[in-house]
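So this one's entry.txt, compact mmCIF, C-alpha atoms:
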```
# COMPACT_ATOMS: atom_id res chain seq x y z
CA MET B 1 -10.41 -4.29 -8.55
CA LEU B 2 -9.58 -7.74 -7.26
CA SER B 3 -12.49 -9.05 -5.27
CA GLU B 4 -12.48 -10.54 -1.81
CA GLY B 5 -11.72 -14.25 -2.03
CA SER B 6 -9.40 -13.80 -5.02
CA GLU B 7 -5.80 -14.93 -4.96
CA ALA B 8 -3.50 -11.92 -4.54
CA PRO B 9 -0.92 -11.73 -7.31
CA ASP B 10 2.64 -12.01 -6.04
CA PHE B 11 5.06 -9.19 -6.84
CA GLN B 12 8.59 -8.07 -6.24
CA LEU B 13 9.18 -4.30 -6.11
CA PRO B 14 11.92 -1.93 -5.01
CA GLY B 15 11.14 0.15 -1.98
CA THR B 16 12.19 2.00 1.11
CA THR B 17 13.18 0.51 4.41
CA THR B 18 11.36 1.25 7.67
CA ASP B 19 14.53 2.88 9.04
CA PRO B 20 14.53 6.58 8.06
CA THR B 21 18.33 6.74 8.41
CA ASP B 22 18.77 3.93 5.84
CA ASP B 23 18.41 5.29 2.30
CA ALA B 24 19.03 1.93 0.64
CA VAL B 25 16.58 0.62 -1.92
CA ARG B 26 15.65 -3.01 -1.35
CA ARG B 27 13.45 -5.50 -3.19
CA HIS B 28 10.30 -6.64 -1.40
CA ARG B 29 8.17 -9.66 -2.30
CA LEU B 30 4.59 -10.22 -1.21
CA VAL B 31 5.11 -13.94 -0.58
CA ASP B 32 8.09 -13.20 1.68
CA ALA B 33 6.08 -10.71 3.75
CA LEU B 34 3.21 -13.21 4.06
CA GLU B 35 5.54 -15.62 5.86
CA ASP B 36 5.31 -13.25 8.86
CA GLY B 37 1.53 -12.74 8.76
CA PRO B 38 -1.11 -10.80 6.82
CA VAL B 39 -0.28 -7.85 4.59
CA VAL B 40 -2.08 -4.52 4.27
CA LEU B 41 -1.44 -3.30 0.74
CA SER B 42 -2.37 0.35 0.29
CA PHE B 43 -2.10 1.89 -3.18
CA TYR B 44 -1.98 5.67 -3.51
CA LEU B 45 -1.51 8.14 -6.34
CA PHE B 46 1.54 10.33 -5.63
CA ASP B 47 4.12 11.10 -2.97
CA PHE B 48 3.67 14.61 -1.54
CA HIS B 49 0.14 15.09 -2.96
CA PRO B 50 -1.98 16.51 -0.09
CA ALA B 51 -4.72 13.84 -0.27
CA CYS B 52 -2.10 11.09 -0.51
CA THR B 53 -0.21 12.55 2.43
CA ASP B 54 -3.46 12.40 4.43
CA HIS B 55 -4.01 8.79 3.30
CA MET B 56 -0.53 7.54 4.15
CA CYS B 57 -0.24 9.52 7.38
CA SER B 58 -3.61 8.26 8.58
CA LEU B 59 -2.41 4.71 7.92
CA HIS B 60 0.81 5.44 9.83
CA ASP B 61 -1.15 6.98 12.73
CA LEU B 62 -3.08 3.76 13.31
CA ALA B 63 -1.27 2.47 16.38
CA TRP B 64 -2.75 -1.02 15.90
CA VAL B 65 -0.63 -1.47 12.79
CA ASP B 66 2.51 -0.37 14.64
CA LEU B 67 1.77 -2.61 17.61
CA GLU B 68 1.00 -5.77 15.70
CA GLU B 69 4.36 -7.16 14.63
CA ASP B 70 2.94 -9.88 12.40
CA VAL B 71 1.20 -7.42 10.06
CA THR B 72 3.23 -5.98 7.18
CA VAL B 73 2.11 -2.69 5.68
CA PHE B 74 3.12 -1.71 2.17
CA GLY B 75 2.27 1.62 0.58
CA VAL B 76 2.46 1.38 -3.22
CA SER B 77 2.51 4.05 -5.90
CA THR B 78 4.08 4.56 -9.30
CA ASP B 79 6.55 7.11 -7.91
CA LYS B 80 10.22 6.14 -7.73
CA SER B 81 11.90 4.73 -4.60
CA PHE B 82 13.97 7.87 -4.06
CA SER B 83 10.82 10.00 -3.97
CA HIS B 84 9.32 7.45 -1.56
CA GLY B 85 12.35 7.78 0.70
CA ALA B 86 12.05 11.56 0.85
CA PHE B 87 8.27 11.32 1.40
CA ALA B 88 8.64 8.72 4.18
CA GLU B 89 11.32 10.78 5.89
CA ARG B 90 9.36 14.04 5.70
CA GLU B 91 6.16 12.45 7.01
CA GLY B 92 7.81 10.07 9.51
CA LEU B 93 6.27 6.99 7.90
CA ALA B 94 7.43 3.80 9.59
CA PHE B 95 6.34 1.31 6.94
CA THR B 96 7.70 0.36 3.55
CA LEU B 97 6.79 2.31 0.41
CA LEU B 98 7.09 0.35 -2.82
CA SER B 99 7.77 1.68 -6.30
CA ASP B 100 5.50 0.20 -8.95
CA SER B 101 7.13 2.54 -11.47
CA ASP B 102 5.49 1.07 -14.58
CA GLY B 103 2.11 0.37 -12.94
CA THR B 104 2.31 -3.38 -13.54
CA VAL B 105 1.33 -4.38 -10.00
CA ALA B 106 -1.51 -1.85 -9.82
CA GLU B 107 -2.71 -3.23 -13.13
CA THR B 108 -2.71 -6.84 -11.84
CA TYR B 109 -4.76 -5.66 -8.84
CA ASP B 110 -7.02 -3.76 -11.28
CA VAL B 111 -6.44 -0.40 -9.57
CA LEU B 112 -4.67 1.57 -12.29
CA TYR B 113 -5.65 4.78 -14.05
CA ASP B 114 -4.46 4.63 -17.65
CA GLU B 115 -4.17 8.41 -17.37
CA PHE B 116 -4.71 10.77 -14.46
CA ARG B 117 -4.29 14.53 -14.92
CA ASP B 118 -1.79 14.09 -17.75
CA HIS B 119 0.18 11.38 -15.91
CA LYS B 120 0.23 7.90 -17.46
CA ARG B 121 -0.37 4.71 -15.46
CA VAL B 122 -1.09 5.97 -11.94
CA SER B 123 -2.29 3.84 -9.01
CA LYS B 124 -5.85 4.38 -7.78
CA ARG B 125 -6.40 4.87 -4.06
CA SER B 126 -7.16 1.37 -2.78
CA VAL B 127 -6.57 -0.98 0.15
CA PHE B 128 -6.27 -4.76 0.30
CA VAL B 129 -5.85 -7.09 3.26
CA ILE B 130 -4.15 -10.30 2.19
CA ASP B 131 -3.95 -13.35 4.44
CA THR B 132 -1.03 -15.76 4.64
CA ASP B 133 -2.41 -18.05 1.93
CA ARG B 134 -2.53 -15.06 -0.50
CA THR B 135 -6.31 -14.73 -0.30
CA VAL B 136 -7.71 -11.19 -0.50
CA ARG B 137 -9.84 -10.87 2.65
CA TYR B 138 -10.70 -7.18 2.24
CA ALA B 139 -10.71 -5.00 -0.87
CA TRP B 140 -11.60 -1.35 -1.30
CA ALA B 141 -10.91 1.07 -4.15
CA THR B 142 -12.20 4.39 -5.38
CA ASP B 143 -12.13 6.34 -8.62
CA ASP B 144 -12.39 9.57 -6.60
CA PRO B 145 -8.81 10.52 -5.66
CA SER B 146 -10.01 12.73 -2.79
CA GLU B 147 -11.93 9.89 -1.08
CA GLN B 148 -10.09 8.41 1.89
CA PRO B 149 -10.33 4.79 3.04
CA ASP B 150 -12.25 3.83 6.17
CA TRP B 151 -9.72 1.94 8.29
CA GLY B 152 -12.40 0.33 10.50
CA PRO B 153 -13.09 -2.54 8.07
CA VAL B 154 -9.34 -3.13 7.72
CA ARG B 155 -9.05 -3.48 11.49
CA GLU B 156 -12.07 -5.81 11.59
CA THR B 157 -10.65 -7.98 8.82
CA LEU B 158 -7.28 -8.26 10.55
CA ALA B 159 -9.08 -9.20 13.77
CA THR B 160 -10.82 -12.10 11.98
CA LEU B 161 -7.36 -13.29 10.91
CA GLY B 162 -6.35 -13.68 14.52
CA GLY B 163 -4.83 -10.31 15.32
CA ASP B 164 -5.53 -8.37 18.49
CA PHE B 165 -6.60 -5.05 17.02
```

Could the structure of this file be written out as structure tokens, please?
Amino acid sequence: MLSEGSEAPDFQLPGTTTDPTDDAVRRHRLVDALEDGPVVLSFYLFDFHPACTDHMCSLHDLAWVDLEEDVTVFGVSTDKSFSHGAFAEREGLAFTLLSDSDGTVAETYDVLYDEFRDHKRVSKRSVFVIDTDRTVRYAWATDDPSEQPDWGPVRETLATLGGDF
């Protein structure tokens, strides 16, 4: 896992929009999102998996992320954009889900299973807070796919970056 203080690797990935009526697939770049403020990058294993649904829905339910316009939230897994769109629509997720279909981005963040339950190259559950100069300010990952992140440290980290959380 990338450590706090590391430079976050840039990426460009296809993903959903935050408008559930828009089924277009768009490209999203980390450096572009950082122009608006910090980024919360949350890797998860699979769309529609019960533990991943809990993870992504708990992130969505955090009103402080919705209320703070200068924070971009990206959910990232190796599922395809069309699966992400269906997952976001079913769960009412109002943030962008990115498709790292070959696991390259998860690998650069060092949060990739080579194999997980007969699936190759799957993202590990992990969370990064990246500030506007691409520095990782918070990093958390687990090898236990049932373990959920504690969002308190994410909130605290964003607060130190000047947000009102």

From the list B:Asp10, B:Asp32, B:Glu107, B:Asp133, the nearest residue to Arg121 in chain B using all atoms listed in the file is B:Glu107

Within 12 Å of Asp100 in chain B using all atoms listed in the file, minus same-chain residues under 2 positions, as a ChimeraX atom specification
/B:11-15,27-28,43-46,74-81,84,97-98,102-109,111-112,121-123

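Of the residues listed (B:Ser101, B:Thr96, B:Thr157, B:Thr16), B:Thr157 shows the shortest atom-to-atom separation from Val136 in chain B; distances use all atoms listed in the file.
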
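Closest approach to Gly162 in chain B among B:Thr132, B:Gln148, B:Ser126, B:Ser3 is made by B:Thr132 (distances from all atoms listed in the file).
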
If you count only C-alpha atoms, the residue of B:Ile130, B:Ala141, B:Ala159, B:Leu34 closest to Glu7 in chain B turns out to be B:Ile130

CA of Asp110 in chain B to CA of Glu4 in chain B, distance in Å rounded to a single decimal:
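Rounded to one decimal, the two atoms are 12.9 Å apart.
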
Selected residue of minimal separation from Tyr138 in chain B among B:Leu30, B:Val25, B:Ala86, B:Val39, counting all atoms listed in the file
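Using all atoms listed in the file, the shortest distance to Tyr138 in chain B belongs to B:Val39.
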
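We find CA of Leu2 in chain B and CA of Arg117 in chain B to be spaced 24.1 Å apart.
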
For a quick check of understanding, using all atoms listed in the file, which of B:Gly37, B:Thr72, B:Met1, B:Arg155 has the smallest distance to Asp143 in chain B?
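Ranked by minimum distance to Asp143 in chain B, first place goes to B:Met1.
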
Can you work out the spacing between CA of Arg125 in chain B and CA of Glu156 in chain B in Å, to one decimal?
19.8 Å
